[in-house]
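J.: Have a peek at target04.cif (mmCIF, C-alpha atoms and all ligand atoms).
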```cif
data_query
loop_
_atom_site.label_atom_id
_atom_site.label_comp_id
_atom_site.auth_asym_id
_atom_site.auth_seq_id
_atom_site.Cartn_x
_atom_site.Cartn_y
_atom_site.Cartn_z
CA MET A 82 109.04 10.77 205.26
CA ALA A 83 108.34 14.05 203.58
CA LEU A 84 111.39 14.65 201.48
CA ARG A 85 111.90 18.36 201.68
CA ASP A 86 115.21 19.50 200.64
CA LEU A 87 116.92 22.75 200.15
CA PHE A 88 117.49 23.41 196.54
CA PHE A 89 121.13 24.09 196.83
CA ARG A 90 123.29 22.19 199.21
CA LYS A 91 126.88 22.74 200.04
CA PRO A 92 129.07 20.53 197.88
CA PRO A 93 129.39 17.12 199.50
CA ALA A 94 132.52 16.40 201.47
CA PRO A 95 135.03 14.68 199.18
CA VAL A 96 134.23 11.27 200.58
CA PRO A 97 132.14 9.61 197.89
CA GLU A 98 131.08 6.70 200.04
CA ALA A 99 129.41 8.97 202.61
CA PRO A 100 125.65 8.35 202.55
CA PRO A 101 123.53 11.24 201.31
CA ALA A 102 122.02 13.45 204.02
CA VAL A 103 118.55 12.89 202.59
CA PRO A 104 118.02 9.52 201.01
CA ILE A 105 116.72 9.76 197.49
CA PRO A 106 114.57 6.81 196.52
CA ALA A 107 116.51 4.66 194.13
CA PRO A 108 115.01 4.53 190.68
CA ALA A 109 113.25 1.29 189.91
CA ARG A 110 115.49 0.52 186.97
CA ALA A 111 119.17 -0.14 186.74
CA ALA A 112 121.30 2.92 187.18
CA ALA A 113 122.69 4.17 183.92
CA PRO A 114 126.40 4.80 183.80
CA VAL A 115 126.93 8.40 184.82
CA PRO A 116 127.82 10.34 181.72
CA SER A 117 130.34 13.01 182.49
CA PRO A 118 128.54 16.10 181.32
CA THR A 119 131.09 18.56 180.09
CA PRO A 120 128.78 21.26 178.85
CA SER A 121 130.27 24.14 177.03
CA PRO A 122 128.53 27.20 175.67
CA ALA A 123 129.22 26.01 172.14
CA PRO A 124 125.95 24.97 170.54
CA ALA A 125 127.37 21.76 169.07
CA PRO A 126 125.19 18.92 170.32
CA ALA A 127 126.85 16.56 172.73
CA PRO A 128 126.70 12.95 171.67
CA ALA A 129 123.66 11.26 173.09
CA PRO A 130 124.62 9.00 175.96
CA ALA A 131 124.94 5.40 174.86
CA GLN A 132 121.85 3.39 175.64
CA SER A 133 121.49 -0.32 175.61
CA PRO A 134 117.92 -1.61 175.59
CA ALA A 135 118.31 -2.54 179.25
CA LEU A 136 119.33 0.99 180.14
CA ALA A 137 116.89 2.83 177.92
CA PRO A 138 114.44 4.96 179.83
CA PRO A 139 111.06 3.36 180.36
CA GLN A 140 108.41 4.07 177.80
CA SER A 141 106.63 7.33 178.33
CA PRO A 142 102.86 6.96 178.34
CA VAL A 143 102.70 10.11 176.23
CA PRO A 144 104.25 10.36 172.77
CA ASN A 145 106.85 13.09 172.25
CA VAL A 146 107.78 13.06 175.94
CA THR A 147 111.01 11.23 176.67
CA LEU A 148 111.61 10.34 180.28
CA PRO A 149 114.79 11.22 182.13
CA GLN A 150 117.67 8.81 182.30
CA ALA A 151 118.40 7.32 185.67
CA PRO A 152 119.97 10.05 187.75
CA ALA A 153 123.42 9.66 189.13
CA PRO A 154 123.27 8.05 192.54
CA ALA A 155 123.24 10.78 195.18
CA GLY A 156 126.66 11.32 196.64
CA VAL A 157 128.48 10.92 193.34
CA PRO A 158 130.58 14.04 193.19
CA ALA A 159 129.62 16.58 190.58
CA PRO A 160 132.08 17.26 187.80
CA ALA A 161 134.82 19.44 189.20
CA PRO A 162 133.75 23.05 188.90
CA ASP A 163 136.04 25.53 187.28
CA GLU A 164 137.94 26.47 190.38
CA THR A 165 140.48 28.74 188.78
CA THR A 166 139.43 31.55 191.05
CA GLY A 167 136.80 29.89 193.23
CA TRP A 168 133.16 30.84 193.30
CA PHE A 169 133.59 34.02 195.32
CA GLY A 170 136.47 35.07 193.08
CA ARG A 171 134.34 34.55 190.02
CA LEU A 172 131.46 36.50 191.54
CA ARG A 173 133.81 39.36 192.33
CA GLN A 174 135.34 39.20 188.92
CA GLY A 175 131.88 39.18 187.38
CA LEU A 176 130.80 42.13 189.46
CA SER A 177 133.98 44.07 188.79
CA ARG A 178 132.37 46.47 186.35
CA SER A 179 129.50 47.16 188.76
CA THR A 180 132.03 47.53 191.58
CA ALA A 181 134.19 49.94 189.60
CA ARG A 182 131.21 52.12 188.81
CA LEU A 183 130.22 52.39 192.45
CA THR A 184 133.55 52.58 194.17
CA GLU A 185 135.16 55.08 191.82
CA SER A 186 132.39 57.54 192.62
CA VAL A 187 132.54 56.79 196.34
CA THR A 188 136.31 57.22 196.36
CA SER A 189 136.20 60.56 194.59
CA LEU A 190 133.33 61.71 196.82
CA PHE A 191 134.88 60.82 200.13
CA GLN A 192 138.51 61.82 200.29
CA LYS A 193 138.26 62.38 204.04
CA ARG A 194 135.10 64.31 204.08
CA ARG A 195 132.44 65.36 206.53
CA LEU A 196 129.19 63.48 206.01
CA ASP A 197 126.98 66.55 205.67
CA ASP A 198 123.79 67.17 203.70
CA ALA A 199 125.63 67.80 200.44
CA ALA A 200 127.70 64.62 200.81
CA LEU A 201 124.61 62.55 201.55
CA GLU A 202 122.84 63.97 198.55
CA GLU A 203 125.78 63.06 196.31
CA LEU A 204 125.90 59.60 197.83
CA GLU A 205 122.23 59.09 197.02
CA GLU A 206 122.86 60.13 193.41
CA THR A 207 125.80 57.74 193.18
CA LEU A 208 123.68 54.83 194.39
CA ILE A 209 120.89 55.63 191.96
CA ALA A 210 123.41 55.85 189.10
CA ALA A 211 124.67 52.39 190.11
CA ASP A 212 121.17 50.96 189.54
CA LEU A 213 120.21 50.49 193.20
CA GLY A 214 117.00 52.45 192.56
CA LEU A 215 115.54 55.35 194.50
CA PRO A 216 113.88 53.44 197.40
CA ALA A 217 117.06 51.51 198.27
CA ALA A 218 119.25 54.62 197.83
CA GLN A 219 116.99 56.59 200.16
CA ARG A 220 116.98 53.82 202.73
CA ILE A 221 120.77 53.56 202.74
CA VAL A 222 121.24 57.32 202.98
CA ALA A 223 118.71 57.49 205.82
CA ASP A 224 120.81 54.84 207.62
CA PHE A 225 123.93 56.90 207.12
CA ARG A 226 122.21 60.06 208.31
CA LYS A 227 121.09 58.34 211.50
CA THR A 228 124.40 56.78 212.40
CA ARG A 229 127.11 58.94 210.91
CA PHE A 230 125.80 62.42 210.17
CA GLY A 231 128.39 65.14 210.78
CA THR A 232 131.30 62.74 211.22
CA ASP A 233 134.45 62.71 209.14
CA VAL A 234 134.65 59.59 207.01
CA THR A 235 137.08 58.05 204.56
CA ALA A 236 136.13 56.39 201.29
CA ASP A 237 137.08 53.05 202.77
CA GLU A 238 134.77 53.48 205.76
CA VAL A 239 131.94 54.46 203.44
CA LYS A 240 132.48 51.38 201.27
CA HIS A 241 132.38 49.07 204.28
CA ALA A 242 129.31 50.78 205.68
CA LEU A 243 127.59 50.57 202.30
CA ALA A 244 128.35 46.86 202.10
CA GLU A 245 126.67 46.40 205.50
CA SER A 246 123.60 48.41 204.51
CA ILE A 247 123.27 46.57 201.21
CA ALA A 248 123.65 43.18 202.92
CA ALA A 249 120.84 44.16 205.31
CA ILE A 250 118.53 44.88 202.36
CA LEU A 251 119.48 41.64 200.60
CA ALA A 252 119.44 39.27 203.57
CA PRO A 253 115.63 38.76 203.73
CA VAL A 254 115.45 37.77 200.05
CA ALA A 255 118.44 35.43 199.91
CA LEU A 256 116.37 32.26 200.03
CA PRO A 257 116.88 28.97 198.20
CA MET A 258 114.21 27.53 195.92
CA VAL A 259 112.81 24.66 197.92
CA ILE A 260 111.98 21.58 195.91
CA ASP A 261 109.27 19.46 197.48
CA THR A 262 110.29 16.00 196.38
CA ALA A 263 107.09 14.55 197.77
CA ARG A 264 105.34 16.19 194.79
CA LYS A 265 106.78 14.00 192.03
CA PRO A 266 107.10 16.14 190.13
CA HIS A 267 107.71 19.52 191.69
CA VAL A 268 106.71 21.78 188.81
CA VAL A 269 108.83 24.86 188.10
CA LEU A 270 107.43 27.30 185.57
CA VAL A 271 110.25 29.43 184.18
CA VAL A 272 109.22 32.84 182.84
CA GLY A 273 110.92 35.99 181.64
CA VAL A 274 111.37 38.15 178.55
CA ASN A 275 113.36 36.82 175.63
CA GLY A 276 117.08 36.45 176.01
CA THR A 277 117.27 36.75 179.79
CA GLY A 278 118.65 33.23 180.18
CA LYS A 279 115.56 31.08 180.85
CA THR A 280 116.66 28.09 178.80
CA THR A 281 120.23 28.24 180.10
CA THR A 282 118.98 28.49 183.67
CA ILE A 283 116.78 25.42 183.13
CA ALA A 284 119.84 23.56 181.85
CA LYS A 285 121.87 24.65 184.86
CA LEU A 286 119.11 23.53 187.21
CA GLY A 287 118.85 20.21 185.39
CA GLN A 288 122.55 19.66 185.88
CA HIS A 289 122.29 20.56 189.54
CA TYR A 290 119.39 18.19 190.19
CA ARG A 291 121.12 15.40 188.37
CA ASP A 292 124.20 15.94 190.53
CA GLU A 293 121.88 15.59 193.50
CA GLY A 294 120.51 12.33 192.15
CA ARG A 295 117.13 13.69 191.13
CA SER A 296 115.35 13.01 187.88
CA CYS A 297 114.27 15.94 185.81
CA THR A 298 112.25 16.63 182.67
CA PHE A 299 112.41 19.78 180.55
CA VAL A 300 109.34 21.05 178.71
CA ALA A 301 110.11 22.99 175.53
CA GLY A 302 107.19 25.38 175.98
CA ASP A 303 108.64 27.95 173.57
CA THR A 304 107.02 25.97 170.79
CA PHE A 305 107.16 28.56 168.01
CA ARG A 306 110.93 28.68 167.67
CA ALA A 307 112.49 25.47 166.39
CA ALA A 308 115.87 26.72 167.63
CA ALA A 309 114.48 27.04 171.16
CA VAL A 310 113.34 23.41 171.12
CA GLU A 311 116.70 22.25 169.74
CA GLN A 312 118.60 24.24 172.37
CA LEU A 313 116.66 22.55 175.15
CA GLN A 314 117.06 19.17 173.50
CA VAL A 315 120.85 19.56 173.48
CA TRP A 316 120.80 20.47 177.15
CA ALA A 317 118.50 17.56 177.98
CA GLU A 318 120.97 15.19 176.36
CA ARG A 319 123.91 16.74 178.17
CA THR A 320 122.26 16.67 181.56
CA GLY A 321 120.36 13.38 181.22
CA ALA A 322 117.02 15.12 181.60
CA GLY A 323 113.84 13.96 179.93
CA LEU A 324 112.34 16.21 177.28
CA ALA A 325 108.83 17.10 176.22
CA ALA A 326 109.04 18.62 172.76
CA PRO A 327 106.20 19.88 170.58
CA ALA A 328 105.09 17.50 167.86
CA LYS A 329 105.26 20.39 165.40
CA PRO A 330 106.37 24.02 165.59
CA GLY A 331 103.74 26.25 167.09
CA ALA A 332 101.96 23.40 168.89
CA ASP A 333 99.95 24.47 171.92
CA ALA A 334 102.36 25.02 174.84
CA ALA A 335 99.66 24.35 177.43
CA GLY A 336 98.81 21.00 175.84
CA LEU A 337 102.49 20.08 175.77
CA ALA A 338 102.86 20.95 179.47
CA PHE A 339 99.75 18.88 180.23
CA ASP A 340 101.22 15.85 178.46
CA ALA A 341 104.60 16.35 180.11
CA LEU A 342 103.13 16.61 183.59
CA THR A 343 100.97 13.54 182.99
CA ALA A 344 104.02 11.55 181.89
CA ALA A 345 106.17 12.87 184.73
CA ARG A 346 103.56 11.88 187.31
CA ALA A 347 103.27 8.42 185.88
CA ALA A 348 107.06 8.02 185.90
CA GLY A 349 107.58 9.55 189.36
CA THR A 350 109.94 12.21 188.00
CA ASP A 351 111.25 14.55 190.70
CA VAL A 352 111.30 17.91 188.92
CA LEU A 353 109.52 19.25 185.85
CA LEU A 354 111.00 22.46 184.44
CA ILE A 355 108.77 24.28 181.97
CA ASP A 356 110.47 26.66 179.54
CA THR A 357 108.25 29.39 178.11
CA ALA A 358 108.36 31.86 175.24
CA GLY A 359 109.78 35.23 176.19
CA ARG A 360 108.41 37.15 173.31
CA LEU A 361 104.93 36.97 171.93
CA HIS A 362 103.48 39.63 169.70
CA ASN A 363 102.21 41.61 172.66
CA LYS A 364 102.00 41.63 176.43
CA SER A 365 98.40 40.45 176.62
CA ALA A 366 99.15 37.47 174.34
CA LEU A 367 102.04 36.51 176.62
CA MET A 368 99.81 36.89 179.67
CA GLU A 369 97.06 34.77 178.11
CA GLU A 370 99.50 32.03 177.13
CA LEU A 371 100.99 31.85 180.62
CA LYS A 372 97.59 31.90 182.31
CA LYS A 373 96.27 29.20 180.02
CA LEU A 374 99.32 27.04 180.67
CA ILE A 375 98.83 27.38 184.42
CA ARG A 376 95.10 26.61 184.13
CA VAL A 377 95.77 23.52 182.07
CA ILE A 378 98.50 22.00 184.27
CA LYS A 379 96.24 22.51 187.30
CA ARG A 380 93.89 19.95 185.73
CA VAL A 381 96.61 17.36 186.26
CA ASP A 382 97.86 18.70 189.60
CA PRO A 383 95.79 21.46 191.26
CA THR A 384 98.81 22.50 193.34
CA ALA A 385 101.03 23.13 190.29
CA PRO A 386 103.07 25.10 189.45
CA HIS A 387 104.92 24.84 192.73
CA SER A 388 107.48 27.47 191.77
CA VAL A 389 107.25 30.29 189.25
CA LEU A 390 110.80 31.40 188.59
CA LEU A 391 111.28 34.77 186.90
CA VAL A 392 114.61 34.96 185.10
CA LEU A 393 116.14 38.44 184.85
CA ASP A 394 119.21 39.63 182.98
CA ALA A 395 121.38 41.79 185.25
CA THR A 396 122.84 43.66 182.29
CA THR A 397 119.47 45.30 181.65
CA GLY A 398 119.54 47.31 184.88
CA GLN A 399 116.30 49.08 185.64
CA ASN A 400 114.50 47.13 182.89
CA ALA A 401 114.73 44.14 185.19
CA VAL A 402 112.72 46.10 187.76
CA GLN A 403 110.09 46.89 185.15
CA GLN A 404 109.96 43.24 184.03
CA THR A 405 109.46 42.07 187.59
CA ARG A 406 106.57 44.47 187.98
CA ILE A 407 104.89 43.27 184.77
CA PHE A 408 105.38 39.54 185.37
CA SER A 409 104.24 39.81 188.98
CA GLU A 410 100.99 41.32 187.73
CA MET A 411 100.53 38.43 185.30
CA VAL A 412 101.47 35.40 187.38
CA ASP A 413 102.33 34.61 190.98
CA VAL A 414 106.09 34.88 190.69
CA THR A 415 107.57 32.95 193.62
CA GLY A 416 111.23 33.81 193.12
CA LEU A 417 113.93 35.30 190.93
CA ALA A 418 117.02 34.06 189.15
CA VAL A 419 119.37 36.87 188.15
CA THR A 420 121.67 35.95 185.28
CA LYS A 421 124.72 37.45 183.57
CA LEU A 422 126.22 38.91 186.71
CA ASP A 423 129.50 38.15 185.02
CA GLY A 424 130.25 41.24 183.04
CA SER A 425 127.24 43.32 184.05
CA ALA A 426 127.96 46.90 185.11
CA LYS A 427 124.47 47.00 186.58
CA GLY A 428 124.63 44.38 189.33
CA GLY A 429 123.30 47.00 191.73
CA VAL A 430 119.86 46.27 190.31
CA VAL A 431 119.66 43.21 192.58
CA VAL A 432 119.46 45.64 195.51
CA ALA A 433 116.67 47.56 193.79
CA LEU A 434 114.77 44.30 193.21
CA ALA A 435 115.15 43.25 196.83
CA GLN A 436 114.01 46.59 198.18
CA GLU A 437 111.10 47.08 195.79
CA PHE A 438 109.60 43.59 195.59
CA GLY A 439 110.92 41.53 198.47
CA LEU A 440 110.73 38.44 196.24
CA PRO A 441 113.22 35.68 197.04
CA VAL A 442 116.37 35.85 194.94
CA HIS A 443 117.05 32.14 194.65
CA MET A 444 120.10 32.03 192.45
CA VAL A 445 122.48 34.00 190.32
CA GLY A 446 124.10 33.14 187.00
CA VAL A 447 127.71 34.09 186.37
CA GLY A 448 128.42 32.37 183.08
CA GLU A 449 127.06 30.17 180.33
CA LYS A 450 128.18 26.79 181.63
CA ALA A 451 125.98 24.37 183.53
CA ALA A 452 127.99 24.91 186.72
CA ASP A 453 127.63 28.70 186.55
CA LEU A 454 124.53 28.96 188.70
CA ARG A 455 124.87 29.54 192.41
CA PRO A 456 122.72 30.23 195.42
CA PHE A 457 122.40 33.87 196.25
CA ASP A 458 124.32 34.93 199.34
CA ALA A 459 123.48 38.43 200.61
CA ARG A 460 126.70 39.24 202.40
CA GLU A 461 128.95 37.77 199.75
CA PHE A 462 127.13 39.72 197.07
CA ALA A 463 127.15 43.00 199.02
CA ARG A 464 130.85 42.74 199.75
CA GLY A 465 131.59 41.76 196.16
CA LEU A 466 129.60 44.73 194.88
CA MET A 467 131.46 47.18 197.11
CA GLY A 468 134.81 45.52 196.53
CA VAL A 469 135.56 45.07 200.23
N1 LIG A 501 127.57 35.50 180.39
C1 LIG A 501 126.44 34.88 180.67
N2 LIG A 501 125.64 34.50 179.67
C2 LIG A 501 124.49 33.89 179.96
C3 LIG A 501 124.09 33.62 181.30
N3 LIG A 501 122.89 33.00 181.25
C4 LIG A 501 122.56 32.90 179.96
N4 LIG A 501 123.51 33.43 179.17
C5 LIG A 501 123.55 33.55 177.69
O1 LIG A 501 122.51 34.41 177.27
C6 LIG A 501 122.00 34.02 176.00
C7 LIG A 501 120.48 33.85 176.11
O2 LIG A 501 120.23 32.77 176.98
P1 LIG A 501 118.95 31.83 176.82
O3 LIG A 501 119.00 30.86 177.93
O4 LIG A 501 118.84 31.31 175.44
O5 LIG A 501 117.82 32.90 177.08
P2 LIG A 501 116.24 32.71 176.99
O6 LIG A 501 115.63 33.53 178.05
O7 LIG A 501 115.91 31.27 176.97
O8 LIG A 501 115.97 33.37 175.55
P3 LIG A 501 114.68 33.16 174.61
O9 LIG A 501 114.46 31.71 174.47
O10 LIG A 501 115.09 33.85 173.35
O11 LIG A 501 113.54 33.85 175.28
C8 LIG A 501 122.73 32.75 175.64
O12 LIG A 501 123.77 33.08 174.77
C9 LIG A 501 123.27 32.24 176.98
O13 LIG A 501 124.44 31.48 176.83
C10 LIG A 501 124.97 34.02 182.37
O14 LIG A 501 124.73 33.86 183.57
N5 LIG A 501 126.14 34.64 181.98
MG MG A 502 114.89 30.14 175.59
#
```
Would you put the structure from the file into structure tokens?
T.:
Amino acid sequence: MALRDLFFRKPPAPVPEAPPAVPIPAPARAAAPVPSPTPSPAPAPAPAPAQSPALAPPQSPVPNVTLPQAPAPAGVPAPAPDETTGWFGRLRQGLSRSTARLTESVTSLFQKRRLDDAALEELEETLIAADLGLPAAQRIVADFRKTRFGTDVTADEVKHALAESIAAILAPVALPMVIDTARKPHVVLVVGVNGTGKTTTIAKLGQHYRDEGRSCTFVAGDTFRAAAVEQLQVWAERTGAGLAAPAKPGADAAGLAFDALTAARAAGTDVLLIDTAGRLHNKSALMEELKKLIRVIKRVDPTAPHSVLLVLDATTGQNAVQQTRIFSEMVDVTGLAVTKLDGSAKGGVVVALAQEFGLPVHMVGVGEKAADLRPFDAREFARGLMGV
């Protein structure tokens, strides 16, 4: 059976003995005790999970690639998420600065006011100032002109109508990243400029796959920075993922990815997540490195990479739009992860991205912990952004 699975599933019903919806082939070796990953943003390394010889991962055919530990059996509930406010509450809380920026202007603009040309023009300016970008702002205002021109509106009505218009722009791009488990491994190349949250997003994905019972290997493709390798190593230990680390700093990232993919294929690993450098000395060097990496992994699997995930930092506003343009010219970006929506005043940029590129927005990050990555929901986001 072709094991196609949506990347994110709803949390399982709290009945641990229920069989998984999609059976995951049991790993050949004995299941390791499930370590309870309690990741925190603190960089202190978690203790490596205890390994007896019987539970040690099988030998990797490639040196400097460690294979993943046995994943938790599917159906084992994930560690309890921080449910102080619930996911939607946390999204709203995270978006509160973006929301305040938008709704304060809308409220002062529309104290029971006729929706005339001047009002529409001011609305367009407000949307642009909230990082929605010109094309989305124009589209929304055109909607308003068609349906409400000349009517008297209140600020509340405008907020609700804006939420609907924004949800309509976001709905076509709110798509999960589909992992094809028949691939073994499904290769995800993670790209983005430095500091956007690539490594953290890989860690969050690793945690998610482990919770689903999938095995996962991280590739520390940012080989020049020892700290980048160490950061990924810590996360690999916390999440039980395998790790391909460079033999020495500055080792060829493409060669490392080649070795990692070779080892992952031999071991039947489910997902290979390749971290990449965000900053090289110039744009063409970055482009060459990414292209070379893709060329080289295609020698092992001509269909790889199966996903190219561009990670964007929501706090950078319109820069995220520019980054998407540049990376899309370099590589075939297949989807976006938007991070740091907690505390960004520029969350409106997600609307600009949707309108201008139409690329799937797979997931959003709202914190530094492994559980702080969620599927992107158009309506939830639009309502959160408008505070309705
Ligand atoms: N608040 C918040 N912080 C985040 C989020 N995602 C990542 N971060 C933080 O952002 C910082 C940079 O994250 P990294 O994952 O190291 O970013 P990167 O893209 O790998 O950076 P380079 O390796 O330097 O290119 C870290 O301090 C993360 O903890 C998020 O969703 N919310
Ligand atoms: Mg990194």
J.: Within 7 Å of ligand MG 502 (chain A), which residues show up when you count only C-alpha atoms and all ligand atoms? List them as a list in words, please.
T.: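 Counting only what the definition allows, namely only C-alpha atoms and all ligand atoms, the set is Asn275, Gly276, Gly278, Lys279, Thr280, Asp303, Ala309, Asp356 and Ala358 of chain A.
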J.: Please provide the set of residues having any atom within 9 Å of Ala217 (chain A), restricted to only C-alpha atoms, with same-chain residues fewer than 2 positions apart removed, written as a list in words.
T.: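 So the residues in contact are Leu208, Ile209, Leu213, Gly214, Leu215, Gln219, Arg220, Ile221, Val222, Ile247, Ile250, Val432, Ala433, Ala435, Gln436 and Glu437 of chain A.
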J.: Once you count all atoms listed in the file, which residues end up within 10 Å of ligand LIG 501 (chain A), and could you hand them over as a ChimeraX atom specification?
T.: /A:121-124,175,271-285,301-303,306,308-310,312-313,356-361,391-396,418-425,445-451,453-455
J.: Residues within 12 Å of Thr228 (chain A), please, as a list of chain:residue names. Count all atoms listed in the file; anything in the same chain fewer than 6 positions from it doesn't count.
T.: A:Leu196, A:Ile221, A:Val222, A:Val234, A:Val239, A:Ala242, A:Ser246
J.: Could you take the residues named above and write them with C-alpha atoms, as a PDB file, keeping the file's coordinate frame?
T.:
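Generated file (part-v2.pdb):
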```pdb
ATOM      1  CA  LEU A 196     129.190  63.480 206.010  1.00  0.00           C
ATOM      2  CA  ILE A 221     120.770  53.560 202.740  1.00  0.00           C
ATOM      3  CA  VAL A 222     121.240  57.320 202.980  1.00  0.00           C
ATOM      4  CA  VAL A 234     134.650  59.590 207.010  1.00  0.00           C
ATOM      5  CA  VAL A 239     131.940  54.460 203.440  1.00  0.00           C
ATOM      6  CA  ALA A 242     129.310  50.780 205.680  1.00  0.00           C
ATOM      7  CA  SER A 246     123.600  48.410 204.510  1.00  0.00           C
TER       8      SER A 246
END
```
J.: Work out how far CA of Gly321 (chain A) is from CA of Ala263 (chain A), in Å to one decimal.
T.: 21.2 Å
J.: For Leu251 (chain A), which of A:Met467, A:Leu440, A:Ala341, A:Ala366 is the closest residue, counting only C-alpha atoms?
T.: A:Leu440
J.: Given only C-alpha atoms as the basis, pick out the residue of A:Leu371, A:Leu204, A:Ala326, A:Leu353 nearest to Met411 (chain A).
T.: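 Ranking A:Leu371, A:Leu204, A:Ala326, A:Leu353 by distance to Met411 (chain A), first place goes to A:Leu371.
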J.: Enclose region 312-324 of chain A, meaning all of its atoms listed in the file, in a box aligned along x, y and z, pad it by 8 Å on each side, and list the centre and edge lengths in Å to one decimal, as AutoDock Vina command-line options.
T.:
```
--center_x 118.1 --center_y 18.8 --center_z 177.0 --size_x 27.6 --size_y 26.9 --size_z 25.2
```
J.: Which value, in Å to one decimal, gives the distance between CA of Val187 (chain A) and CA of Ala236 (chain A)?
T.: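 One can read the CA of Val187 (chain A) to CA of Ala236 (chain A) distance as 6.1 Å.
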J.: Since the input is missing atoms, can you rebuild N, CA and C atoms for region 427-441 of chain A and write them as an mmCIF file, in the coordinates of the input?
T.:
```cif
data_model
loop_
_atom_site.group_PDB
_atom_site.id
_atom_site.type_symbol
_atom_site.label_atom_id
_atom_site.label_comp_id
_atom_site.auth_asym_id
_atom_site.auth_seq_id
_atom_site.Cartn_x
_atom_site.Cartn_y
_atom_site.Cartn_z
ATOM 1 N N LYS A 427 125.705 46.564 185.929
ATOM 2 C CA LYS A 427 124.470 47.000 186.580
ATOM 3 C C LYS A 427 124.005 46.038 187.665
ATOM 4 N N GLY A 428 124.963 45.349 188.285
ATOM 5 C CA GLY A 428 124.630 44.380 189.330
ATOM 6 C C GLY A 428 123.881 44.986 190.494
ATOM 7 N N GLY A 429 124.005 46.314 190.650
ATOM 8 C CA GLY A 429 123.300 47.000 191.730
ATOM 9 C C GLY A 429 121.797 46.828 191.651
ATOM 10 N N VAL A 430 121.308 46.427 190.475
ATOM 11 C CA VAL A 430 119.860 46.270 190.310
ATOM 12 C C VAL A 430 119.301 45.191 191.247
ATOM 13 N N VAL A 431 120.136 44.251 191.655
ATOM 14 C CA VAL A 431 119.660 43.210 192.580
ATOM 15 C C VAL A 431 119.178 43.861 193.891
ATOM 16 N N VAL A 432 119.859 44.929 194.289
ATOM 17 C CA VAL A 432 119.460 45.640 195.510
ATOM 18 C C VAL A 432 118.113 46.329 195.292
ATOM 19 N N ALA A 433 117.948 46.920 194.113
ATOM 20 C CA ALA A 433 116.670 47.560 193.790
ATOM 21 C C ALA A 433 115.541 46.531 193.813
ATOM 22 N N LEU A 434 115.788 45.362 193.248
ATOM 23 C CA LEU A 434 114.770 44.300 193.210
ATOM 24 C C LEU A 434 114.387 43.871 194.616
ATOM 25 N N ALA A 435 115.398 43.699 195.450
ATOM 26 C CA ALA A 435 115.150 43.250 196.830
ATOM 27 C C ALA A 435 114.313 44.279 197.579
ATOM 28 N N GLN A 436 114.693 45.538 197.446
ATOM 29 C CA GLN A 436 114.010 46.590 198.180
ATOM 30 C C GLN A 436 112.578 46.788 197.667
ATOM 31 N N GLU A 437 112.402 46.716 196.343
ATOM 32 C CA GLU A 437 111.100 47.080 195.790
ATOM 33 C C GLU A 437 110.097 45.941 195.752
ATOM 34 N N PHE A 438 110.553 44.692 195.703
ATOM 35 C CA PHE A 438 109.600 43.590 195.590
ATOM 36 C C PHE A 438 109.668 42.604 196.754
ATOM 37 N N GLY A 439 110.795 42.480 197.363
ATOM 38 C CA GLY A 439 110.920 41.530 198.470
ATOM 39 C C GLY A 439 110.764 40.077 198.030
ATOM 40 N N LEU A 440 110.840 39.826 196.707
ATOM 41 C CA LEU A 440 110.730 38.440 196.240
ATOM 42 C C LEU A 440 112.040 37.707 196.507
ATOM 43 N N PRO A 441 111.972 36.425 196.835
ATOM 44 C CA PRO A 441 113.220 35.680 197.040
ATOM 45 C C PRO A 441 114.119 35.734 195.803
#
```
